[in-house]
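What's in upload.cif: mmCIF, C-alpha atoms
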```cif
data_run
#
loop_
_atom_site.group_PDB
_atom_site.id
_atom_site.type_symbol
_atom_site.label_atom_id
_atom_site.label_comp_id
_atom_site.auth_asym_id
_atom_site.auth_seq_id
_atom_site.Cartn_x
_atom_site.Cartn_y
_atom_site.Cartn_z
ATOM 1 C CA MET A 9 0.000 0.000 0.000
ATOM 2 C CA SER A 10 1.683 3.209 -1.157
ATOM 3 C CA LYS A 11 -1.260 5.607 -1.312
ATOM 4 C CA TYR A 12 -4.135 6.842 0.814
ATOM 5 C CA THR A 13 -7.756 7.733 0.129
ATOM 6 C CA SER A 14 -10.085 9.881 2.187
ATOM 7 C CA GLN A 15 -13.835 9.893 1.551
ATOM 8 C CA GLN A 16 -16.588 11.759 3.333
ATOM 9 C CA VAL A 17 -19.020 9.105 4.528
ATOM 10 C CA ASN A 18 -21.937 11.505 5.038
ATOM 11 C CA PRO A 19 -21.498 14.150 2.304
ATOM 12 C CA THR A 20 -24.951 15.671 2.835
ATOM 13 C CA GLU A 21 -24.297 16.409 6.534
ATOM 14 C CA PRO A 22 -24.582 20.207 6.980
ATOM 15 C CA ASP A 23 -22.913 20.313 10.408
ATOM 16 C CA MET A 24 -19.141 19.874 9.980
ATOM 17 C CA ALA A 25 -18.902 18.752 13.617
ATOM 18 C CA ASN A 26 -20.793 15.598 12.618
ATOM 19 C CA VAL A 27 -18.910 14.875 9.394
ATOM 20 C CA LYS A 28 -17.252 11.451 9.180
ATOM 21 C CA TYR A 29 -14.422 10.272 6.935
ATOM 22 C CA ASP A 30 -13.336 6.870 5.698
ATOM 23 C CA ILE A 31 -9.534 7.173 5.528
ATOM 24 C CA GLN A 32 -7.532 4.124 4.503
ATOM 25 C CA PRO A 33 -4.438 2.855 2.648
ATOM 26 C CA SER A 34 -4.882 2.067 -1.028
ATOM 27 C CA ASN A 35 -3.054 0.649 -4.039
ATOM 28 C CA LYS A 36 -5.192 2.615 -6.484
ATOM 29 C CA THR A 37 -3.427 4.768 -9.045
ATOM 30 C CA PHE A 38 -4.824 8.197 -9.904
ATOM 31 C CA ASN A 39 -6.731 6.707 -12.859
ATOM 32 C CA ASP A 40 -8.048 3.803 -10.776
ATOM 33 C CA PHE A 41 -9.238 6.231 -8.118
ATOM 34 C CA ILE A 42 -10.996 8.577 -10.549
ATOM 35 C CA LEU A 43 -12.567 5.748 -12.551
ATOM 36 C CA SER A 44 -13.880 3.997 -9.432
ATOM 37 C CA TYR A 45 -16.534 6.735 -9.220
ATOM 38 C CA PRO A 46 -19.264 7.805 -11.657
ATOM 39 C CA SER A 47 -18.238 10.638 -13.983
ATOM 40 C CA GLY A 48 -18.003 13.972 -12.212
ATOM 41 C CA ALA A 49 -15.724 16.884 -11.341
ATOM 42 C CA TYR A 50 -12.076 16.277 -10.459
ATOM 43 C CA THR A 51 -8.787 18.097 -10.069
ATOM 44 C CA GLY A 52 -5.158 17.225 -9.391
ATOM 45 C CA MET A 53 -3.083 19.285 -6.963
ATOM 46 C CA ARG A 54 0.381 19.271 -5.400
ATOM 47 C CA THR A 55 1.824 20.185 -2.034
ATOM 48 C CA VAL A 56 4.712 22.564 -1.444
ATOM 49 C CA ASN A 57 6.704 22.340 1.793
ATOM 50 C CA ARG A 58 4.340 19.407 2.496
ATOM 51 C CA ASP A 59 1.838 21.555 4.384
ATOM 52 C CA ALA A 60 0.374 23.737 1.621
ATOM 53 C CA ILE A 61 -1.406 23.244 -1.715
ATOM 54 C CA VAL A 62 -0.250 25.198 -4.773
ATOM 55 C CA GLU A 63 -2.976 27.456 -6.243
ATOM 56 C CA LEU A 64 -5.616 25.913 -3.968
ATOM 57 C CA LYS A 65 -8.082 28.733 -4.686
ATOM 58 C CA THR A 66 -7.770 28.025 -8.419
ATOM 59 C CA HIS A 67 -8.476 24.335 -7.861
ATOM 60 C CA MET A 68 -11.499 25.076 -5.679
ATOM 61 C CA GLN A 69 -12.891 27.460 -8.284
ATOM 62 C CA ARG A 70 -12.335 24.795 -10.939
ATOM 63 C CA MET A 71 -14.279 22.241 -8.899
ATOM 64 C CA THR A 72 -17.263 24.491 -8.192
ATOM 65 C CA ASN A 73 -17.345 25.586 -11.839
ATOM 66 C CA SER A 74 -17.170 22.009 -13.121
ATOM 67 C CA ILE A 75 -19.794 20.602 -10.758
ATOM 68 C CA SER A 76 -22.102 23.483 -11.742
ATOM 69 C CA HIS A 77 -21.794 22.636 -15.450
ATOM 70 C CA ILE A 78 -21.968 18.839 -15.302
ATOM 71 C CA GLN A 79 -25.506 17.475 -15.611
ATOM 72 C CA PHE A 80 -26.404 14.530 -13.397
ATOM 73 C CA LYS A 81 -29.529 12.842 -14.754
ATOM 74 C CA GLY A 82 -31.219 9.977 -12.939
ATOM 75 C CA ASP A 83 -33.797 7.491 -14.211
ATOM 76 C CA THR A 84 -36.597 9.646 -12.830
ATOM 77 C CA VAL A 85 -37.268 13.356 -12.422
ATOM 78 C CA GLN A 86 -37.300 12.824 -8.660
ATOM 79 C CA ALA A 87 -33.826 11.221 -8.708
ATOM 80 C CA THR A 88 -32.436 14.064 -10.817
ATOM 81 C CA GLU A 89 -33.958 16.705 -8.534
ATOM 82 C CA LYS A 90 -32.542 14.933 -5.464
ATOM 83 C CA ALA A 91 -29.064 14.933 -7.024
ATOM 84 C CA GLU A 92 -29.335 18.648 -7.843
ATOM 85 C CA ARG A 93 -30.496 19.421 -4.326
ATOM 86 C CA GLU A 94 -27.745 17.444 -2.590
ATOM 87 C CA LEU A 95 -24.981 18.817 -4.835
ATOM 88 C CA ALA A 96 -26.126 22.433 -4.428
ATOM 89 C CA PRO A 97 -23.896 23.180 -1.384
ATOM 90 C CA PHE A 98 -20.818 22.056 -3.352
ATOM 91 C CA LYS A 99 -21.544 24.663 -6.043
ATOM 92 C CA ASP A 100 -21.085 27.499 -3.572
ATOM 93 C CA SER A 101 -17.408 28.495 -3.255
ATOM 94 C CA VAL A 102 -17.596 29.255 0.477
ATOM 95 C CA GLU A 103 -19.462 26.040 1.280
ATOM 96 C CA PHE A 104 -17.111 24.009 -0.898
ATOM 97 C CA GLU A 105 -14.022 25.347 0.866
ATOM 98 C CA HIS A 106 -15.695 24.644 4.209
ATOM 99 C CA LYS A 107 -16.163 21.000 3.174
ATOM 100 C CA LEU A 108 -12.834 20.525 1.380
ATOM 101 C CA MET A 109 -10.330 21.713 3.989
ATOM 102 C CA PRO A 110 -11.082 19.007 6.623
ATOM 103 C CA LEU A 111 -11.066 16.328 3.904
ATOM 104 C CA LEU A 112 -7.589 17.454 2.819
ATOM 105 C CA LYS A 113 -6.238 17.911 6.332
ATOM 106 C CA ASN A 114 -7.355 14.532 7.653
ATOM 107 C CA GLY A 115 -6.253 12.627 4.569
ATOM 108 C CA LEU A 116 -2.879 14.344 4.195
ATOM 109 C CA GLU A 117 -1.999 13.861 7.861
ATOM 110 C CA ALA A 118 -2.851 10.153 7.633
ATOM 111 C CA TYR A 119 -0.861 9.744 4.408
ATOM 112 C CA TYR A 120 2.261 11.363 5.854
ATOM 113 C CA GLU A 121 2.047 9.454 9.113
ATOM 114 C CA HIS A 122 1.219 5.959 7.865
ATOM 115 C CA ILE A 123 2.302 5.687 4.212
ATOM 116 C CA ASP A 124 5.012 8.188 3.276
ATOM 117 C CA GLU A 125 8.318 6.547 4.205
ATOM 118 C CA THR A 126 10.180 9.845 3.784
ATOM 119 C CA THR A 127 8.178 11.730 6.437
ATOM 120 C CA HIS A 128 10.876 11.507 9.093
ATOM 121 C CA THR A 129 13.863 11.814 6.738
ATOM 122 C CA GLU A 130 15.977 14.842 5.875
ATOM 123 C CA HIS A 131 14.360 15.307 2.445
ATOM 124 C CA PRO A 132 10.707 14.207 2.603
ATOM 125 C CA TYR A 133 8.685 13.953 -0.608
ATOM 126 C CA GLU A 134 5.863 16.227 -1.653
ATOM 127 C CA ALA A 135 2.409 14.734 -2.237
ATOM 128 C CA LYS A 136 0.107 14.636 -5.230
ATOM 129 C CA VAL A 137 -3.465 15.237 -4.096
ATOM 130 C CA SER A 138 -6.467 14.459 -6.302
ATOM 131 C CA ILE A 139 -10.086 15.355 -5.571
ATOM 132 C CA VAL A 140 -13.258 13.895 -7.070
ATOM 133 C CA LEU A 141 -16.809 15.139 -6.578
ATOM 134 C CA THR A 142 -19.699 13.398 -8.271
ATOM 135 C CA TYR A 143 -23.103 11.831 -7.659
ATOM 136 C CA SER A 144 -23.940 8.153 -7.303
ATOM 137 C CA PHE A 145 -27.523 7.354 -8.233
ATOM 138 C CA LYS A 146 -26.856 3.824 -7.010
ATOM 139 C CA LYS A 147 -25.999 5.062 -3.501
ATOM 140 C CA GLN A 148 -28.367 8.031 -3.884
ATOM 141 C CA GLN A 149 -25.850 10.518 -2.533
ATOM 142 C CA PRO A 150 -22.870 12.666 -3.580
ATOM 143 C CA CYS A 151 -19.371 11.161 -3.592
ATOM 144 C CA PHE A 152 -16.638 13.438 -2.239
ATOM 145 C CA ALA A 153 -13.174 11.926 -1.926
ATOM 146 C CA ALA A 154 -9.433 12.604 -2.084
ATOM 147 C CA HIS A 155 -6.432 10.531 -3.180
ATOM 148 C CA PHE A 156 -2.915 11.046 -1.799
ATOM 149 C CA ALA A 157 0.258 9.732 -3.426
ATOM 150 C CA HIS A 158 3.976 10.425 -3.818
ATOM 151 C CA LEU A 159 4.636 13.285 -6.229
ATOM 152 C CA LYS A 160 7.219 12.327 -8.825
ATOM 153 C CA SER A 161 9.917 14.970 -9.097
ATOM 154 C CA PHE A 162 11.854 15.888 -12.232
ATOM 155 C CA PRO A 163 15.532 16.957 -12.158
ATOM 156 C CA SER A 164 15.960 20.638 -13.017
ATOM 157 C CA HIS A 165 17.632 19.854 -16.358
ATOM 158 C CA THR A 166 14.876 17.507 -17.568
ATOM 159 C CA ARG A 167 13.594 17.901 -21.129
ATOM 160 C CA VAL A 168 10.864 15.610 -22.431
ATOM 161 C CA LYS A 169 9.468 13.986 -25.541
ATOM 162 C CA VAL A 170 5.850 14.410 -26.599
ATOM 163 C CA GLU A 171 3.596 12.900 -29.228
ATOM 164 C CA ILE A 172 0.926 14.697 -31.258
ATOM 165 C CA GLU A 173 -2.445 13.037 -31.899
ATOM 166 C CA ARG A 174 -5.541 14.265 -33.705
ATOM 167 C CA LYS A 175 -8.176 14.239 -31.003
ATOM 168 C CA ALA A 176 -10.635 16.785 -29.657
ATOM 169 C CA ARG A 177 -11.614 17.256 -26.026
ATOM 170 C CA LYS A 178 -15.261 18.038 -25.313
ATOM 171 C CA SER A 179 -15.956 20.976 -22.974
ATOM 172 C CA PRO A 180 -12.291 21.585 -22.015
ATOM 173 C CA GLU A 181 -13.336 24.356 -19.618
ATOM 174 C CA VAL A 182 -15.019 21.701 -17.443
ATOM 175 C CA LYS A 183 -12.821 19.271 -15.533
ATOM 176 C CA ASP A 184 -15.015 16.196 -16.065
ATOM 177 C CA SER A 185 -13.631 12.771 -15.148
ATOM 178 C CA GLN A 186 -15.239 11.422 -18.325
ATOM 179 C CA TRP A 187 -12.107 12.793 -20.026
ATOM 180 C CA VAL A 188 -9.974 10.419 -17.916
ATOM 181 C CA ARG A 189 -11.988 7.566 -19.430
ATOM 182 C CA GLU A 190 -11.740 8.921 -22.969
ATOM 183 C CA ARG A 191 -7.973 9.431 -22.892
ATOM 184 C CA GLN A 192 -7.148 5.891 -21.731
ATOM 185 C CA ASP A 193 -6.386 4.627 -25.243
ATOM 186 C CA LEU A 194 -4.007 7.540 -25.824
ATOM 187 C CA GLU A 195 -2.199 6.699 -22.594
ATOM 188 C CA LYS A 196 -1.987 2.979 -23.390
ATOM 189 C CA ASN A 197 -0.627 3.561 -26.903
ATOM 190 C CA LYS A 198 1.880 6.220 -25.840
ATOM 191 C CA PRO A 199 5.520 5.022 -26.114
ATOM 192 C CA ARG A 200 7.231 4.596 -22.741
ATOM 193 C CA ASP A 201 9.738 7.374 -23.364
ATOM 194 C CA VAL A 202 7.005 9.877 -24.288
ATOM 195 C CA ASN A 203 5.937 12.138 -21.435
ATOM 196 C CA GLU A 204 2.717 13.570 -22.867
ATOM 197 C CA VAL A 205 0.317 13.477 -25.814
ATOM 198 C CA ILE A 206 -0.574 16.854 -27.349
ATOM 199 C CA LEU A 207 -4.022 17.220 -28.943
ATOM 200 C CA MET A 208 -4.307 18.650 -32.464
ATOM 201 C CA ASP A 209 -7.269 19.431 -34.737
ATOM 202 C CA ASP A 210 -7.686 18.854 -38.474
ATOM 203 C CA ALA A 211 -6.242 22.313 -39.201
ATOM 204 C CA ASP A 212 -2.996 21.284 -37.468
ATOM 205 C CA GLN A 213 -3.666 23.648 -34.561
ATOM 206 C CA LEU A 214 -2.257 22.503 -31.222
ATOM 207 C CA TYR A 215 -4.472 22.644 -28.139
ATOM 208 C CA GLU A 216 -3.178 21.067 -24.921
ATOM 209 C CA GLY A 217 -1.868 17.825 -23.500
ATOM 210 C CA MET A 218 -3.971 15.009 -22.056
ATOM 211 C CA ALA A 219 -3.226 16.385 -18.590
ATOM 212 C CA SER A 220 -1.189 19.514 -19.261
ATOM 213 C CA ASN A 221 -1.121 22.851 -21.022
ATOM 214 C CA PHE A 222 1.060 23.266 -24.108
ATOM 215 C CA LEU A 223 2.888 26.452 -25.102
ATOM 216 C CA ALA A 224 5.360 27.450 -27.813
ATOM 217 C CA VAL A 225 7.794 30.353 -28.155
ATOM 218 C CA LYS A 226 8.105 32.116 -31.518
ATOM 219 C CA ASP A 227 9.926 35.408 -32.170
ATOM 220 C CA GLY A 228 10.214 36.045 -28.438
ATOM 221 C CA THR A 229 6.460 35.604 -27.841
ATOM 222 C CA VAL A 230 4.824 32.805 -25.846
ATOM 223 C CA TYR A 231 1.842 31.267 -27.678
ATOM 224 C CA CYS A 232 -0.988 29.224 -26.174
ATOM 225 C CA ALA A 233 -4.412 28.140 -27.446
ATOM 226 C CA SER A 234 -7.117 30.460 -26.125
ATOM 227 C CA LEU A 235 -9.234 29.673 -23.067
ATOM 228 C CA ASP A 236 -12.206 29.010 -25.360
ATOM 229 C CA HIS A 237 -10.442 25.797 -26.312
ATOM 230 C CA ILE A 238 -8.404 24.699 -23.281
ATOM 231 C CA LEU A 239 -8.545 24.499 -19.501
ATOM 232 C CA LEU A 240 -6.606 27.125 -17.549
ATOM 233 C CA GLY A 241 -4.204 24.969 -15.559
ATOM 234 C CA SER A 242 -2.848 26.173 -12.226
ATOM 235 C CA ILE A 243 0.756 26.286 -13.495
ATOM 236 C CA LEU A 244 -0.285 27.972 -16.744
ATOM 237 C CA LYS A 245 -1.865 30.659 -14.576
ATOM 238 C CA ILE A 246 1.518 31.220 -12.906
ATOM 239 C CA VAL A 247 3.267 31.364 -16.307
ATOM 240 C CA ILE A 248 0.838 34.054 -17.487
ATOM 241 C CA GLU A 249 1.510 36.157 -14.390
ATOM 242 C CA LEU A 250 5.277 35.754 -14.825
ATOM 243 C CA CYS A 251 5.053 36.881 -18.449
ATOM 244 C CA LYS A 252 3.140 39.995 -17.374
ATOM 245 C CA LYS A 253 5.562 40.717 -14.536
ATOM 246 C CA HIS A 254 8.688 40.371 -16.677
ATOM 247 C CA ASN A 255 7.295 41.916 -19.884
ATOM 248 C CA ILE A 256 7.445 38.702 -21.889
ATOM 249 C CA PRO A 257 4.920 38.944 -24.774
ATOM 250 C CA PHE A 258 2.084 36.415 -24.412
ATOM 251 C CA GLN A 259 -0.409 35.626 -27.161
ATOM 252 C CA TRP A 260 -3.650 33.618 -26.904
ATOM 253 C CA GLU A 261 -3.242 32.015 -30.302
ATOM 254 C CA PHE A 262 -2.943 28.420 -31.472
ATOM 255 C CA PRO A 263 0.618 27.166 -31.916
ATOM 256 C CA THR A 264 0.646 25.371 -35.278
ATOM 257 C CA LEU A 265 2.364 22.218 -36.432
ATOM 258 C CA GLN A 266 3.410 24.022 -39.617
ATOM 259 C CA ASP A 267 5.422 26.584 -37.644
ATOM 260 C CA ALA A 268 7.107 23.791 -35.691
ATOM 261 C CA LYS A 269 8.036 21.911 -38.874
ATOM 262 C CA GLN A 270 9.388 25.079 -40.488
ATOM 263 C CA GLY A 271 11.682 25.734 -37.546
ATOM 264 C CA LYS A 272 9.917 28.936 -36.490
ATOM 265 C CA TRP A 273 9.752 27.980 -32.817
ATOM 266 C CA GLU A 274 12.508 28.807 -30.348
ATOM 267 C CA GLY A 275 11.078 25.979 -28.293
ATOM 268 C CA CYS A 276 7.947 24.629 -26.651
ATOM 269 C CA PHE A 277 6.937 23.266 -23.263
ATOM 270 C CA VAL A 278 4.218 21.680 -21.162
ATOM 271 C CA THR A 279 2.938 22.774 -17.765
ATOM 272 C CA SER A 280 0.941 20.861 -15.173
ATOM 273 C CA THR A 281 0.592 20.295 -11.458
ATOM 274 C CA SER A 282 2.961 17.325 -11.434
ATOM 275 C CA ARG A 283 5.395 18.556 -14.093
ATOM 276 C CA LEU A 284 5.520 22.259 -13.213
ATOM 277 C CA LEU A 285 7.228 23.441 -16.444
ATOM 278 C CA LEU A 286 9.057 20.974 -18.677
ATOM 279 C CA PRO A 287 10.786 22.013 -21.926
ATOM 280 C CA ILE A 288 10.245 19.697 -24.886
ATOM 281 C CA GLU A 289 13.223 18.239 -26.728
ATOM 282 C CA THR A 290 11.381 16.082 -29.302
ATOM 283 C CA ILE A 291 7.920 16.083 -30.891
ATOM 284 C CA TYR A 292 6.749 12.889 -32.601
ATOM 285 C CA VAL A 293 4.036 13.280 -35.240
ATOM 286 C CA ASN A 294 3.007 11.104 -38.197
ATOM 287 C CA HIS A 295 6.097 8.877 -37.840
ATOM 288 C CA GLU A 296 8.353 11.945 -38.011
ATOM 289 C CA SER A 297 10.198 13.859 -35.319
ATOM 290 C CA ILE A 298 10.837 17.548 -34.702
ATOM 291 C CA GLU A 299 13.894 18.229 -32.578
ATOM 292 C CA PHE A 300 14.712 21.151 -30.308
ATOM 293 C CA PRO A 301 18.429 20.685 -29.537
ATOM 294 C CA LYS A 302 18.664 23.760 -27.314
ATOM 295 C CA THR A 303 16.387 25.140 -24.627
ATOM 296 C CA SER A 304 14.935 28.566 -25.341
ATOM 297 C CA PRO A 305 16.270 31.199 -22.895
ATOM 298 C CA ILE A 306 12.684 32.377 -22.345
ATOM 299 C CA ILE A 307 11.538 28.861 -21.458
ATOM 300 C CA GLU A 308 14.480 28.332 -19.109
ATOM 301 C CA PHE A 309 13.740 31.674 -17.425
ATOM 302 C CA LEU A 310 10.091 30.722 -16.938
ATOM 303 C CA ARG A 311 10.987 27.257 -15.659
ATOM 304 C CA LYS A 312 13.229 28.639 -12.918
ATOM 305 C CA HIS A 313 10.722 31.272 -11.858
ATOM 306 C CA VAL A 314 7.767 28.850 -11.809
ATOM 307 C CA ALA A 315 9.694 26.640 -9.372
ATOM 308 C CA LYS A 316 10.208 29.655 -7.101
ATOM 309 C CA GLU A 317 6.710 31.057 -7.501
ATOM 310 C CA ILE A 318 4.698 27.992 -6.433
ATOM 311 C CA SER A 319 5.378 28.710 -2.755
ATOM 312 C CA ASN A 320 3.937 32.212 -3.130
ATOM 313 C CA THR A 321 0.682 30.892 -4.584
ATOM 314 C CA ALA A 322 0.183 28.102 -2.036
ATOM 315 C CA CYS A 323 -2.436 27.876 0.706
ATOM 316 C CA LYS A 324 -1.699 26.061 3.984
ATOM 317 C CA VAL A 325 -3.834 23.058 4.853
ATOM 318 C CA LEU A 326 -1.816 21.640 7.772
#
```

Whole structure given in structure tokens:
Amino acid sequence: MSKYTSQQVNPTEPDMANVKYDIQPSNKTFNDFILSYPSGAYTGMRTVNRDAIVELKTHMQRMTNSISHIQFKGDTVQATEKAERELAPFKDSVEFEHKLMPLLKNGLEAYYEHIDETTHTEHPYEAKVSIVLTYSFKKQQPCFAAHFAHLKSFPSHTRVKVEIERKARKSPEVKDSQWVRERQDLEKNKPRDVNEVILMDDADQLYEGMASNFLAVKDGTVYCASLDHILLGSILKIVIELCKKHNIPFQWEFPTLQDAKQGKWEGCFVTSTSRLLLPIETIYVNHESIEFPKTSPIIEFLRKHVAKEISNTACKVL
């Protein structure tokens, strides 16, 4: 058992003094955890200094936004209305925070104490924390749970390989766990040395990764698909703020495969909770490869500053 799960047993209980949690060791991976529940809202977070969550406010806003947009339809009108009624408190940002913080605190403390073997060492690991919120018509109640696991770290010099696939993501602005189901084939078919799969449309416009944001640098400007087409990731949010702060031009415009093939990019990179910012060294597409032998100075600058900035955007939970 190398992971921990924490689930609120009585998610409709309005009095937090009476809330109960089922906290126990688990072998479930992130995917196993998410897919063990009906489709619903989810998010993946990371700790910093082990006692705080990076961009927690952003993640909470993402959850309340997603649960407000996802439609839960039962077999009867009465079942649907009951689901709407019982999920209503989770759609309110203040109520959601009130419910989330104890779930995180109890689960994270248990994970560190009973599972994380590095807790009492000189260099303890950070944790990856995943949240799911959905509705079970079988159990006739909401499901509200968290998953805690070791956060894989990447050496500061790491550069990665990615693969491009033609695939669209429905409602990217909503973090729906149905996407975790839909992307399984992409994950299974991805070569072992490939870190991420980047989604592309029929016009060769590049959107985002399966679980990351994708950006390219051309003529000193950072390009990213607009928020009409992608989800604003927590690390992407930090990158945007850094670009503003340091006067780095940022453009909400699709990076294109044509520009990459023609050597117009200084470089490209992915951002996510687990990766932070990783420069890309190779893109695989249509049995060809596009190489980036050197890291763009702009990308390297952003990578270093993202690593420093995550502490400033974190919210304490312990």

query = Hey, what comes out of the PyMOL selection byres ((chain A and resi 257-267) around 6) on this file? Could you write it as a VMD selection string?
reply = chain A and resid 212 to 214 229 to 234 256 268 to 270 272

Residues near Thr290 of chain A, anyone? I mean within 7 Å using all atoms listed in the file, not counting same-chain ones fewer than 3 positions away, as a PDB file with C-alpha atoms, keeping the file's coordinate frame.
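Result file is part.pdb:
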```pdb
ATOM      1  CA  VAL A 168      10.864  15.610 -22.431  1.00  0.00           C
ATOM      2  CA  LYS A 169       9.468  13.986 -25.541  1.00  0.00           C
ATOM      3  CA  VAL A 170       5.850  14.410 -26.599  1.00  0.00           C
ATOM      4  CA  SER A 297      10.198  13.859 -35.319  1.00  0.00           C
ATOM      5  CA  ILE A 298      10.837  17.548 -34.702  1.00  0.00           C
ATOM      6  CA  GLU A 299      13.894  18.229 -32.578  1.00  0.00           C
ATOM      7  CA  PHE A 300      14.712  21.151 -30.308  1.00  0.00           C
TER       8      PHE A 300
END
```

key: Pick from A:Asp100, A:Glu121, A:Glu92, A:Glu21, whichever lies nearest to Gln69 of chain A using only C-alpha atoms   = A:Asp100

ask   = What residues come out when you apply the PyMOL selection byres ((chain A and resi 128-136) around 6) to this file, written as a list of chain:residue names?
value =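 Selected by the PyMOL selection byres ((chain A and resi 128-136) around 6) here: A:Met53, A:Arg54, A:Thr55, A:Arg58, A:Thr126, A:Thr127, A:Val137, A:Phe156, A:Ala157, A:His158, A:Leu159.
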
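From atom CA of Asn18 of chain A back to atom CA of Gln79 of chain A, the distance works out to 21.8 Å.
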
remark   = Counting all atoms listed in the file, closest pick from A:Leu326, A:Ala60, A:Leu310, A:Val188 relative to Ile248 of chain A is A:Leu310

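Coordinates place atom CA of Arg177 of chain A at a distance of 17.7 Å from atom CA of Leu43 of chain A.
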
ask   = In terms of the shortest atom-to-atom distance over all atoms listed in the file, which of A:Ser10, A:Ser220, A:Thr84, A:Phe152 is closest to Glu125 of chain A?
value = A:Ser10

ask   = For the atom pair atom CA of Val314 of chain A and atom CA of Gly241 of chain A, what is the interatomic distance in Å to one decimal place?
value =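 Between atom CA of Val314 of chain A and atom CA of Gly241 of chain A the gap works out to 13.1 Å.
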
Output check: residues returned by the PyMOL selection byres ((chain A and resi 93) around 12), as a PDB file with C-alpha atoms, in the coordinates of the input:
```
ATOM      1  CA  THR A  20     -24.951  15.671   2.835  1.00  0.00           C
ATOM      2  CA  SER A  76     -22.102  23.483 -11.742  1.00  0.00           C
ATOM      3  CA  PHE A  80     -26.404  14.530 -13.397  1.00  0.00           C
ATOM      4  CA  GLN A  86     -37.300  12.824  -8.660  1.00  0.00           C
ATOM      5  CA  ALA A  87     -33.826  11.221  -8.708  1.00  0.00           C
ATOM      6  CA  THR A  88     -32.436  14.064 -10.817  1.00  0.00           C
ATOM      7  CA  GLU A  89     -33.958  16.705  -8.534  1.00  0.00           C
ATOM      8  CA  LYS A  90     -32.542  14.933  -5.464  1.00  0.00           C
ATOM      9  CA  ALA A  91     -29.064  14.933  -7.024  1.00  0.00           C
ATOM     10  CA  GLU A  92     -29.335  18.648  -7.843  1.00  0.00           C
ATOM     11  CA  GLU A  94     -27.745  17.444  -2.590  1.00  0.00           C
ATOM     12  CA  LEU A  95     -24.981  18.817  -4.835  1.00  0.00           C
ATOM     13  CA  ALA A  96     -26.126  22.433  -4.428  1.00  0.00           C
ATOM     14  CA  PRO A  97     -23.896  23.180  -1.384  1.00  0.00           C
ATOM     15  CA  PHE A  98     -20.818  22.056  -3.352  1.00  0.00           C
ATOM     16  CA  LYS A  99     -21.544  24.663  -6.043  1.00  0.00           C
ATOM     17  CA  TYR A 143     -23.103  11.831  -7.659  1.00  0.00           C
ATOM     18  CA  GLN A 148     -28.367   8.031  -3.884  1.00  0.00           C
ATOM     19  CA  GLN A 149     -25.850  10.518  -2.533  1.00  0.00           C
ATOM     20  CA  PRO A 150     -22.870  12.666  -3.580  1.00  0.00           C
TER      21      PRO A 150
END
```

The residues within 10 Å of (9.5, 32.5, -21.1), using only C-alpha atoms and the coordinates of the file, should be reported as an mmCIF file with C-alpha atoms, in the frame of the given file; which are they?
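Saved as out15.cif:
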```
data_model
loop_
_atom_site.group_PDB
_atom_site.id
_atom_site.type_symbol
_atom_site.label_atom_id
_atom_site.label_comp_id
_atom_site.auth_asym_id
_atom_site.auth_seq_id
_atom_site.Cartn_x
_atom_site.Cartn_y
_atom_site.Cartn_z
ATOM 1 C CA LEU A 223 2.888 26.452 -25.102
ATOM 2 C CA ALA A 224 5.360 27.450 -27.813
ATOM 3 C CA VAL A 225 7.794 30.353 -28.155
ATOM 4 C CA GLY A 228 10.214 36.045 -28.438
ATOM 5 C CA THR A 229 6.460 35.604 -27.841
ATOM 6 C CA VAL A 230 4.824 32.805 -25.846
ATOM 7 C CA VAL A 247 3.267 31.364 -16.307
ATOM 8 C CA ILE A 248 0.838 34.054 -17.487
ATOM 9 C CA LEU A 250 5.277 35.754 -14.825
ATOM 10 C CA CYS A 251 5.053 36.881 -18.449
ATOM 11 C CA HIS A 254 8.688 40.371 -16.677
ATOM 12 C CA ASN A 255 7.295 41.916 -19.884
ATOM 13 C CA ILE A 256 7.445 38.702 -21.889
ATOM 14 C CA PRO A 257 4.920 38.944 -24.774
ATOM 15 C CA PHE A 258 2.084 36.415 -24.412
ATOM 16 C CA GLY A 275 11.078 25.979 -28.293
ATOM 17 C CA CYS A 276 7.947 24.629 -26.651
ATOM 18 C CA PHE A 277 6.937 23.266 -23.263
ATOM 19 C CA SER A 304 14.935 28.566 -25.341
ATOM 20 C CA PRO A 305 16.270 31.199 -22.895
ATOM 21 C CA ILE A 306 12.684 32.377 -22.345
ATOM 22 C CA ILE A 307 11.538 28.861 -21.458
ATOM 23 C CA GLU A 308 14.480 28.332 -19.109
ATOM 24 C CA PHE A 309 13.740 31.674 -17.425
ATOM 25 C CA LEU A 310 10.091 30.722 -16.938
ATOM 26 C CA ARG A 311 10.987 27.257 -15.659
ATOM 27 C CA LYS A 312 13.229 28.639 -12.918
ATOM 28 C CA HIS A 313 10.722 31.272 -11.858
#
```
